[in-house]
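Novice: Contents of protein15.cif (mmCIF, C-alpha atoms):
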```
data_run
loop_
_atom_site.label_atom_id
_atom_site.label_comp_id
_atom_site.auth_asym_id
_atom_site.auth_seq_id
_atom_site.Cartn_x
_atom_site.Cartn_y
_atom_site.Cartn_z
CA GLU A 167 20.31 1.40 -22.49
CA GLU A 168 24.10 2.00 -22.48
CA ASP A 169 24.68 -1.60 -21.32
CA GLY A 170 22.48 -3.00 -24.07
CA CYS A 171 19.79 -4.19 -21.65
CA GLY A 172 17.06 -1.89 -22.93
CA GLY A 173 16.25 0.07 -26.02
CA LYS A 174 15.16 3.65 -26.61
CA VAL A 175 11.45 2.93 -26.01
CA LEU A 176 12.00 1.12 -22.69
CA SER A 177 14.39 3.82 -21.48
CA ARG A 178 11.91 6.57 -22.40
CA LEU A 179 9.07 4.64 -20.72
CA LEU A 180 10.96 4.28 -17.43
CA ASN A 181 12.05 7.93 -17.39
CA ASN A 182 8.51 9.09 -18.14
CA ALA A 183 7.09 6.86 -15.40
CA VAL A 184 9.45 8.32 -12.79
CA ALA A 185 8.73 11.87 -13.97
CA ALA A 186 4.97 11.22 -13.89
CA GLY A 187 5.18 9.95 -10.32
CA LYS A 188 7.10 13.06 -9.23
CA ARG A 189 4.58 15.28 -10.99
CA VAL A 190 1.65 13.63 -9.22
CA ARG A 191 3.31 14.00 -5.82
CA SER A 192 4.16 17.67 -6.41
CA GLU A 193 0.91 18.78 -8.08
CA THR A 194 -1.57 16.90 -5.87
CA ALA A 195 -1.93 16.19 -2.15
CA ILE A 196 -2.01 12.42 -2.64
CA SER A 197 1.12 11.90 -0.52
CA LYS A 198 -0.03 14.17 2.29
CA GLY A 199 -1.92 13.10 5.39
CA SER A 200 -1.14 10.16 7.67
CA VAL A 201 -2.64 6.78 6.86
CA SER A 202 -0.97 4.68 9.59
CA ILE A 203 -1.53 4.75 13.35
CA SER A 204 2.04 5.80 14.16
CA SER A 205 2.12 8.62 11.61
CA ALA A 206 -1.39 9.70 12.65
CA ALA A 207 -0.19 9.93 16.26
CA VAL A 208 2.54 12.34 15.21
CA GLU A 209 0.17 14.38 13.04
CA LEU A 210 -2.46 14.57 15.79
CA SER A 211 0.01 15.67 18.45
CA GLU A 212 1.55 18.23 16.09
CA VAL A 213 -1.84 19.74 15.21
CA LEU A 214 -3.16 19.80 18.81
CA SER A 215 0.06 20.82 20.56
CA TRP A 216 -0.80 24.51 20.56
CA PRO A 217 -4.53 24.17 21.48
CA ASP A 218 -3.89 21.60 24.24
CA LEU A 219 -0.50 22.68 25.56
CA ASN A 220 -0.27 26.31 24.46
CA LEU A 221 3.10 25.26 23.06
CA PRO A 222 4.52 24.80 19.53
CA PHE A 223 5.16 21.14 18.71
CA SER A 224 8.80 21.90 17.94
CA GLU A 225 9.31 23.07 21.53
CA ALA A 226 7.40 20.26 23.24
CA ARG A 227 9.35 17.75 25.34
CA LEU A 228 8.56 14.25 24.08
CA ALA A 229 8.61 10.82 25.68
CA VAL A 230 7.48 7.37 24.61
CA VAL A 231 6.74 4.43 26.88
CA GLY A 232 7.68 1.12 25.25
CA ALA A 233 10.41 0.23 22.74
CA GLY A 234 8.81 -2.11 20.23
CA LYS A 235 7.92 -1.84 16.55
CA MET A 236 5.39 0.95 17.05
CA THR A 237 7.98 3.04 18.88
CA ARG A 238 10.44 2.56 16.02
CA LEU A 239 7.82 3.71 13.50
CA LEU A 240 6.88 6.59 15.76
CA ILE A 241 10.48 7.84 16.02
CA THR A 242 10.85 7.44 12.24
CA HIS A 243 7.94 9.81 11.63
CA LEU A 244 9.11 12.18 14.35
CA ALA A 245 12.62 12.26 12.89
CA SER A 246 11.18 13.22 9.50
CA ARG A 247 9.74 16.31 11.25
CA GLY A 248 13.06 17.31 12.71
CA LEU A 249 12.97 15.47 16.07
CA GLN A 250 16.17 16.09 18.03
CA ARG A 251 15.50 14.61 21.46
CA ILE A 252 13.12 12.08 23.02
CA ALA A 253 13.01 9.99 26.19
CA ILE A 254 12.23 6.26 25.97
CA VAL A 255 10.92 4.44 29.04
CA ASN A 256 11.06 0.63 28.93
CA ARG A 257 11.28 -2.41 31.19
CA SER A 258 14.77 -3.26 29.86
CA LEU A 259 17.64 -1.33 28.27
CA GLU A 260 18.30 -3.62 25.29
CA ARG A 261 15.62 -2.44 22.87
CA PRO A 262 16.00 1.28 23.60
CA ALA A 263 19.72 0.89 23.00
CA GLU A 264 19.00 -0.68 19.61
CA LEU A 265 16.76 2.25 18.73
CA ALA A 266 19.50 4.66 19.76
CA GLU A 267 21.81 2.92 17.26
CA GLN A 268 19.17 3.06 14.50
CA PHE A 269 18.63 6.81 14.99
CA PRO A 270 22.09 8.31 15.59
CA ASP A 271 20.85 11.83 14.76
CA VAL A 272 18.28 11.74 17.59
CA ASP A 273 19.34 12.27 21.19
CA ILE A 274 17.56 9.37 22.90
CA GLU A 275 17.38 9.36 26.69
CA ILE A 276 16.81 5.83 28.04
CA GLU A 277 14.99 5.25 31.34
CA LEU A 278 13.57 2.17 33.07
CA MET A 279 9.94 1.82 34.20
CA ASP A 280 10.96 2.69 37.77
CA ASP A 281 11.48 6.27 36.53
CA LEU A 282 8.22 6.43 34.54
CA TRP A 283 6.57 9.16 36.60
CA ASP A 284 9.70 11.27 36.70
CA VAL A 285 9.79 11.20 32.86
CA VAL A 286 6.05 11.86 32.53
CA GLY A 287 6.34 14.73 34.99
CA ARG A 288 8.91 16.58 32.86
CA SER A 289 7.36 15.80 29.46
CA ASP A 290 4.73 17.70 27.50
CA ILE A 291 3.67 14.86 25.18
CA VAL A 292 3.83 11.20 26.17
CA PHE A 293 3.22 8.44 23.61
CA MET A 294 2.15 5.07 25.03
CA ALA A 295 3.23 2.00 23.04
CA THR A 296 3.66 -0.94 25.41
CA SER A 297 2.34 -4.51 25.25
CA SER A 298 0.77 -4.25 28.72
CA THR A 299 -2.77 -5.59 29.05
CA ASP A 300 -3.50 -3.21 31.95
CA TYR A 301 -3.59 0.56 32.16
CA VAL A 302 -0.15 2.04 32.69
CA ILE A 303 -1.58 5.52 33.31
CA ASP A 304 -5.02 6.37 34.73
CA GLU A 305 -6.64 9.15 36.73
CA LEU A 306 -5.75 7.69 40.12
CA LEU A 307 -2.07 7.18 39.24
CA LEU A 308 -1.80 10.73 37.89
CA GLU A 309 -3.25 12.08 41.14
CA GLU A 310 -0.99 9.89 43.30
CA ASN A 311 2.07 11.15 41.43
CA GLY A 312 1.07 14.80 41.69
CA LEU A 313 0.34 15.31 37.99
CA ALA A 314 -3.37 16.16 38.30
CA GLY A 315 -4.19 19.85 38.10
CA GLY A 316 -0.67 20.94 37.16
CA ARG A 317 0.74 22.08 33.84
CA PRO A 318 -0.81 20.77 30.58
CA LEU A 319 -0.01 17.19 29.57
CA MET A 320 -0.89 15.31 26.37
CA LEU A 321 -1.18 11.52 26.39
CA VAL A 322 -1.31 9.77 22.99
CA ASP A 323 -2.07 6.07 23.35
CA ILE A 324 -1.22 3.97 20.26
CA SER A 325 -1.39 0.66 22.16
CA VAL A 326 -3.89 -2.16 21.71
CA PRO A 327 -5.16 -2.92 24.30
CA ARG A 328 -5.14 0.60 25.70
CA ASN A 329 -2.45 1.77 28.11
CA VAL A 330 -4.25 4.97 29.16
CA GLY A 331 -7.49 4.89 31.07
CA GLU A 332 -10.51 6.83 29.79
CA ASP A 333 -10.84 8.52 33.18
CA CYS A 334 -7.67 10.53 32.44
CA LYS A 335 -9.92 12.85 30.46
CA ASN A 336 -11.57 13.86 33.73
CA ILE A 337 -8.42 15.73 34.73
CA PRO A 338 -8.58 19.34 33.42
CA ASN A 339 -4.93 19.68 32.51
CA VAL A 340 -4.71 16.31 30.68
CA ALA A 341 -5.59 15.78 27.01
CA ALA A 342 -5.79 12.05 26.30
CA TYR A 343 -6.16 10.46 22.87
CA ASN A 344 -6.40 6.79 21.91
CA VAL A 345 -6.44 4.56 18.81
CA ASP A 346 -10.06 5.48 18.06
CA ASP A 347 -9.05 9.14 17.71
CA LEU A 348 -6.13 8.14 15.51
CA LYS A 349 -8.35 5.97 13.31
CA ALA A 350 -10.55 9.01 12.70
CA VAL A 351 -7.46 10.90 11.48
CA VAL A 352 -6.49 7.99 9.23
CA ALA A 353 -10.04 7.74 7.81
CA LYS A 354 -10.12 11.47 7.03
CA ASN A 355 -6.73 11.36 5.31
CA THR A 356 -7.63 8.20 3.38
CA ALA A 357 -10.77 9.87 2.07
CA MET A 358 -8.71 12.92 1.09
CA ARG A 359 -6.22 10.75 -0.79
CA GLN A 360 -9.02 8.98 -2.64
CA ARG A 361 -10.28 12.36 -3.83
CA GLU A 362 -6.77 13.28 -4.92
CA MET A 363 -6.57 10.02 -6.89
CA ILE A 364 -9.03 11.49 -9.41
CA GLU A 365 -6.72 14.43 -10.09
CA ALA A 366 -3.71 12.09 -10.16
CA GLU A 367 -5.38 9.91 -12.79
CA ILE A 368 -5.97 12.97 -15.00
CA LEU A 369 -2.27 13.91 -14.79
CA LEU A 370 -1.17 10.34 -15.51
CA ARG A 371 -3.47 10.12 -18.53
CA GLU A 372 -1.89 13.31 -19.89
CA ASP A 373 1.60 11.84 -19.51
CA ALA A 374 0.45 8.52 -21.00
CA GLU A 375 -0.96 10.33 -24.06
CA GLN A 376 2.30 12.22 -24.50
CA PHE A 377 4.25 8.96 -24.36
CA ALA A 378 1.87 7.34 -26.85
CA GLY A 379 2.36 10.34 -29.15
CA TRP A 380 6.13 9.98 -28.88
CA CYS A 381 5.88 6.26 -29.70
CA GLU A 382 3.73 7.09 -32.71
CA SER A 383 6.32 9.63 -33.81
CA LEU A 384 8.75 6.74 -34.23
CA SER A 385 6.49 5.38 -36.97
CA ALA A 386 7.09 8.63 -38.90
CA ILE A 387 10.84 7.97 -39.13
CA PRO A 388 10.54 5.59 -42.15
CA THR A 389 8.34 8.17 -43.93
CA ILE A 390 10.88 10.93 -43.25
CA ASN A 391 13.70 8.69 -44.51
CA ARG A 392 11.79 7.80 -47.69
CA LEU A 393 10.98 11.47 -48.30
CA GLN A 394 14.64 12.42 -47.93
CA GLU A 395 15.76 9.53 -50.15
CA ARG A 396 13.24 10.39 -52.86
CA ALA A 397 14.18 14.07 -52.83
CA ASP A 398 17.89 13.26 -52.92
CA PHE A 399 17.33 10.81 -55.80
CA TYR A 400 15.71 13.53 -57.92
CA ARG A 401 18.40 16.02 -56.87
CA GLN A 402 21.16 13.69 -58.01
CA GLU A 403 19.38 12.89 -61.28
CA GLU A 404 18.97 16.55 -62.18
CA LEU A 405 22.50 17.36 -61.02
CA LYS A 406 23.90 14.65 -63.33
CA LYS A 407 22.08 16.14 -66.30
CA CYS A 408 23.37 19.58 -65.42
CA THR A 409 26.99 18.49 -64.85
CA ARG A 410 27.10 16.56 -68.17
CA LYS A 411 26.15 19.69 -70.07
CA LEU A 412 28.53 21.87 -68.10
CA ALA A 413 31.38 19.38 -68.44
CA GLN A 414 31.10 19.44 -72.26
CA ASN A 415 31.78 23.16 -72.28
CA ASP A 416 34.34 23.17 -69.44
CA ALA A 417 32.12 25.81 -67.95
CA LEU A 418 32.84 25.19 -64.25
CA SER A 419 35.88 24.31 -62.18
CA ASP A 420 35.87 21.58 -59.51
CA SER A 421 35.35 24.08 -56.70
CA GLU A 422 32.45 25.63 -58.61
CA MET A 423 30.91 22.21 -59.14
CA GLU A 424 31.14 21.62 -55.38
CA ALA A 425 29.31 24.91 -54.87
CA VAL A 426 26.56 23.74 -57.25
CA GLU A 427 26.35 20.47 -55.26
CA ARG A 428 25.96 22.37 -51.99
CA LEU A 429 23.40 24.66 -53.56
CA SER A 430 21.29 21.73 -54.72
CA ARG A 431 21.40 20.16 -51.25
CA GLY A 432 20.44 23.46 -49.64
CA ILE A 433 17.43 23.90 -51.93
CA VAL A 434 16.19 20.36 -51.22
CA ASN A 435 16.67 20.74 -47.45
CA LYS A 436 14.72 23.99 -47.40
CA LEU A 437 11.88 22.46 -49.41
CA LEU A 438 11.70 19.44 -47.09
CA HIS A 439 11.94 21.46 -43.88
CA GLY A 440 8.26 22.43 -43.87
CA PRO A 441 6.66 18.98 -44.32
CA MET A 442 9.11 17.26 -41.98
CA SER A 443 8.62 19.89 -39.24
CA HIS A 444 4.86 19.49 -39.56
CA LEU A 445 5.24 15.74 -39.19
CA ARG A 446 7.44 16.05 -36.10
CA LYS A 447 5.34 18.70 -34.35
CA THR A 448 1.97 16.96 -34.71
CA GLU A 449 1.30 15.74 -31.15
CA SER A 450 -1.86 13.61 -31.26
CA VAL A 451 -1.66 10.02 -32.45
CA GLU A 452 -4.49 10.57 -34.94
CA GLY A 453 -2.84 13.74 -36.27
CA LYS A 454 0.49 11.96 -36.67
CA GLN A 455 -1.12 9.10 -38.61
CA ALA A 456 -2.98 11.55 -40.85
CA ALA A 457 0.20 13.55 -41.55
CA VAL A 458 2.11 10.38 -42.48
CA LYS A 459 -0.70 9.33 -44.82
CA GLU A 460 -0.80 12.78 -46.46
CA LEU A 461 2.96 12.84 -47.09
CA ASN A 462 2.94 9.30 -48.46
CA SER A 463 0.15 10.25 -50.84
CA MET A 464 1.52 13.68 -51.78
CA PHE A 465 5.04 12.48 -52.64
CA ARG A 466 4.04 8.90 -53.66
CA LEU A 467 6.49 7.48 -51.15
CA GLU A 468 4.98 4.00 -51.15
CA GLU A 469 5.55 3.79 -54.90
CA SER A 470 9.10 4.97 -54.39
CA ALA A 471 9.74 2.26 -51.81
CA ALA A 472 8.31 -0.40 -54.13
CA GLU A 473 10.41 0.84 -57.05
CA ASN A 474 13.57 0.79 -54.94
CA GLY A 475 12.75 -2.73 -53.84
CA ARG A 476 12.30 -3.91 -57.45
CA ALA A 477 15.51 -2.20 -58.43
CA ARG A 478 17.43 -3.95 -55.69
CA ASN A 479 15.88 -7.30 -56.64
CA GLY A 480 16.79 -6.70 -60.30
CA ARG A 481 20.39 -5.94 -59.42
CA GLY A 482 20.52 -9.05 -57.28
CA ALA A 483 19.21 -11.25 -60.07
CA ALA A 484 21.68 -9.77 -62.57
CA ASN A 485 24.58 -10.43 -60.24
CA GLY A 486 23.38 -14.01 -59.84
CA ARG A 487 23.33 -14.58 -63.60
CA ARG A 488 26.84 -13.19 -63.93
CA ARG A 489 28.05 -15.72 -61.38
#
```
Would you mind giving the structure from this file in C-alpha cells?
Specialist:
Amino acid sequence: EEDGCGGKVLSRLLNNAVAAGKRVRSETAISKGSVSISSAAVELSEVLSWPDLNLPFSEARLAVVGAGKMTRLLITHLASRGLQRIAIVNRSLERPAELAEQFPDVDIEIELMDDLWDVVGRSDIVFMATSSTDYVIDELLLEENGLAGGRPLMLVDISVPRNVGEDCKNIPNVAAYNVDDLKAVVAKNTAMRQREMIEAEILLREDAEQFAGWCESLSAIPTINRLQERADFYRQEELKKCTRKLAQNDALSDSEMEAVERLSRGIVNKLLHGPMSHLRKTESVEGKQAAVKELNSMFRLEESAAENGRARNGRGAANGRRR
C-alpha cells in the first residue's frame, strides 16, 4: 500500500487472510497429526517409546540407516521436536556429510555399513530408509549379532520395499513397525483433519462476514460526507443571518464571533454524533444498508446531492457565458 501497489481494500484483505489462517491453526487441530510417512514415523516412535522401550522419547538413542530423501525428511521432523544427536549409517560418506551440513544444529554421527550392527546395538530406535531390495535386518541377523533377547529395541521401517523382516516381531525384546503401520497413523490423522475442516470453515466464514461488513462500511462514507456537508451548509446559512444582525449593532467583537462559530460547530457535531455512530457500529451488511437508506431518507441527502450538482452546473454555465 505504501509503495502504491495496492489500495486499502487489498491491504485489508491480505491482512485478514493471514490473521484468519493463524486463527484456524490456533483454535483448531487442523495442523496437528502427521500426514506423511516420515512425520508419521516420528510420531509413532514418540508415542510408543515409553510402552515399547520403557524410555522417554527425548532420552532414546536414535539411528537411521540410509541417507536419501526420506532420511532428510525424517531428520527435519526430528529436529522440529528438539533432536540433538543421531547416527547415520550409509554405504558411502558423501550423502551423510551433506545432511550434516544441512542440519548444523544436530550432532550427526556418520558410520559405514560395516559398522551397522555396532550402531544398532547401542541404539534404542533405528529407522530404516535404504533403497535395498532385500532385508537389511531380520530375525536371524539379530540373533547372529547378539541382539535377540537383550534390551528393548524399536525398528521403524519407512522403506519400500521393506528393509526389516516380519520375523523380527518374533523376538520378545524387538518392536518392529513398517509402512503399513505408518499408513494407519496417516489415515487416522487425515480423518481427524477432515473433521477439523468443518470447524475451520465456520471460523473462516465468520472472518469473511466481518470483512464483507467492513467493505460495506466503505459505502457509508459518501452518506456520512453528505450528512456532514448538509449540516454544515445549514449551520453556515444560519450563522450568516445571525452575524449580519449582530454586525449592524456592533454587538460582538471578533473573538466573540469566533466563539459563536465554535459553538455552532460544536452543536452540529454533537447532533451528528448519534446517527454517524449508529452507521459505523452496524456490523451486518443488511443492517448497514438499512441504516444508510434511513439516513438518506431522514435527512433527504439524495436531494441535497442533486441540488449541489445543479448548483455546480449552474455556476459552470454562468462562467462559460462570461467568457
Novice: Could you check which of A:Asp420, A:Asp271, A:Glu365, A:Glu309 is closest to Asp333 of chain A, using all atoms listed in the file?
Specialist: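 Going through A:Asp420, A:Asp271, A:Glu365, A:Glu309 one by one, the smallest distance to Asp333 of chain A is for A:Glu309.
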Novice: Written as a list of chain:residue names, which residues does the PyMOL selection byres ((chain A and resi 433-436) around 12) give for the file shown?
Specialist: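 Here the PyMOL selection byres ((chain A and resi 433-436) around 12) matches A:Leu393, A:Gln394, A:Glu395, A:Arg396, A:Ala397, A:Asp398, A:Phe399, A:Tyr400, A:Arg401, A:Gln402, A:Glu404, A:Val426, A:Glu427, A:Arg428, A:Leu429, A:Ser430, A:Arg431, A:Gly432, A:Leu437, A:Leu438, A:His439, A:Gly440, A:Pro441, A:Met442, A:Ser443.
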Novice: Which is closer to Met423 of chain A than all the others in A:Ser298, A:Thr409, A:Thr242, A:Ser177, using all atoms listed in the file?
Specialist: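 Counting all atoms listed in the file, the residue closest to Met423 of chain A is A:Thr409.
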Novice: If you count only C-alpha atoms, which residues fall within 12 Å of Val352 of chain A, apart from same-chain ones fewer than 4 positions away, as a PyMOL selection string?
Specialist: chain A and resi 198-210+345-348+356-359
Novice: Could you check which of A:Asp218, A:Glu375, A:Glu332, A:Asp281 is closest to Leu306 of chain A, using all atoms listed in the file?
Specialist: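 Using all atoms listed in the file, Leu306 of chain A sits closest to A:Glu332.
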Novice: Selected by the PyMOL selection byres ((chain A and resi 330) around 8) in the shown coordinates: which residues, as a PyMOL selection string?
Specialist: chain A and resi 294+301-304+321+323+328-329+331-332+334+342+344
Novice: Care to translate the PyMOL selection byres ((chain A and resi 451-459) around 12) into actual residues of this file, as a PyMOL selection string?
Specialist: chain A and resi 374-393+441-450+460-468
Novice: Taking all atoms listed in the file into account, which of A:Asn256, A:Gln268, A:Ser325, A:Asn181 comes nearest Ala295 of chain A?
Specialist: A:Ser325
Novice: Could you jot down the atom CA of Gly316 of chain A to atom CA of Glu277 of chain A separation for me, Å, one decimal place?
Specialist: 22.9 Å
Novice: Please determine, counting all atoms listed in the file, which residue among A:Glu310, A:Asp300, A:Ala353, A:Arg288 has the shortest atom-to-atom distance to Pro327 of chain A.
Specialist: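 With all atoms listed in the file as the atom set, the closest residue is A:Asp300.
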Novice: Between A:Arg317, A:Glu267, A:Val213, A:Glu424, which has the minimum distance to Gly287 of chain A (counting only C-alpha atoms)?
Specialist: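 Among the listed residues, A:Arg317 lies closest to Gly287 of chain A.
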Novice: Rounded to one decimal place, report the atom CA of Leu265 of chain A-atom CA of Leu228 of chain A distance in Å.
Specialist: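 Computing it gives 15.5 Å between the two atoms.
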Novice: Got a sec: who's within 9 Å of Arg257 of chain A, counting all atoms listed in the file, leaving out chain neighbours fewer than 6 positions off, as a short mmCIF file (atom, residue, chain, number, x, y, z; two decimals) with C-alpha atoms, in the frame of the given file?
Specialist:
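So the final result, stored in result_16.cif, reads:
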```cif
data_model
loop_
_atom_site.label_atom_id
_atom_site.label_comp_id
_atom_site.auth_asym_id
_atom_site.auth_seq_id
_atom_site.Cartn_x
_atom_site.Cartn_y
_atom_site.Cartn_z
CA GLY A 232 7.68 1.12 25.25
CA ALA A 233 10.41 0.23 22.74
CA GLU A 277 14.99 5.25 31.34
CA LEU A 278 13.57 2.17 33.07
CA MET A 279 9.94 1.82 34.20
CA ASP A 280 10.96 2.69 37.77
#
```
Novice: Could you add N, CA, C and O atoms to segment 204-219 of chain A and give me the result as a CSV table (one decimal), in the frame of the given file?
Specialist:
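Result file follows (selection.csv):
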```
chain,number,residue,atom,x,y,z
A,204,SER,N,0.9,5.1,13.6
A,204,SER,CA,2.0,5.8,14.2
A,204,SER,C,2.2,7.2,13.6
A,204,SER,O,2.5,8.2,14.3
A,205,SER,N,2.0,7.3,12.2
A,205,SER,CA,2.1,8.6,11.6
A,205,SER,C,1.0,9.5,12.0
A,205,SER,O,1.1,10.7,12.2
A,206,ALA,N,-0.2,8.9,12.2
A,206,ALA,CA,-1.4,9.7,12.6
A,206,ALA,C,-1.2,10.2,14.1
A,206,ALA,O,-1.6,11.3,14.4
A,207,ALA,N,-0.5,9.5,14.9
A,207,ALA,CA,-0.2,9.9,16.3
A,207,ALA,C,0.7,11.2,16.2
A,207,ALA,O,0.5,12.1,17.0
A,208,VAL,N,1.7,11.2,15.3
A,208,VAL,CA,2.5,12.3,15.2
A,208,VAL,C,1.8,13.5,14.7
A,208,VAL,O,1.9,14.7,15.2
A,209,GLU,N,1.0,13.3,13.6
A,209,GLU,CA,0.2,14.4,13.0
A,209,GLU,C,-0.8,15.0,14.1
A,209,GLU,O,-0.9,16.2,14.2
A,210,LEU,N,-1.5,14.1,14.8
A,210,LEU,CA,-2.5,14.6,15.8
A,210,LEU,C,-1.8,15.4,16.9
A,210,LEU,O,-2.3,16.5,17.2
A,211,SER,N,-0.7,14.9,17.4
A,211,SER,CA,0.0,15.7,18.4
A,211,SER,C,0.6,17.0,17.9
A,211,SER,O,0.6,18.0,18.6
A,212,GLU,N,1.0,17.0,16.7
A,212,GLU,CA,1.6,18.2,16.1
A,212,GLU,C,0.4,19.3,15.9
A,212,GLU,O,0.6,20.5,16.2
A,213,VAL,N,-0.7,18.8,15.4
A,213,VAL,CA,-1.8,19.7,15.2
A,213,VAL,C,-2.4,20.3,16.5
A,213,VAL,O,-2.8,21.5,16.6
A,214,LEU,N,-2.5,19.4,17.5
A,214,LEU,CA,-3.2,19.8,18.8
A,214,LEU,C,-2.2,20.3,19.9
A,214,LEU,O,-2.6,20.6,21.0
A,215,SER,N,-0.9,20.4,19.6
A,215,SER,CA,0.1,20.8,20.6
A,215,SER,C,-0.2,22.2,21.1
A,215,SER,O,-0.2,22.5,22.3
A,216,TRP,N,-0.5,23.1,20.1
A,216,TRP,CA,-0.8,24.5,20.6
A,216,TRP,C,-2.1,24.6,21.3
A,216,TRP,O,-2.2,25.2,22.4
A,217,PRO,N,-3.2,24.1,20.7
A,217,PRO,CA,-4.5,24.2,21.5
A,217,PRO,C,-4.5,23.5,22.9
A,217,PRO,O,-5.1,24.0,23.8
A,218,ASP,N,-3.9,22.3,23.0
A,218,ASP,CA,-3.9,21.6,24.2
A,218,ASP,C,-2.8,22.0,25.2
A,218,ASP,O,-3.0,22.0,26.4
A,219,LEU,N,-1.7,22.4,24.7
A,219,LEU,CA,-0.5,22.7,25.6
A,219,LEU,C,-0.1,24.2,25.6
A,219,LEU,O,0.8,24.5,26.4
```
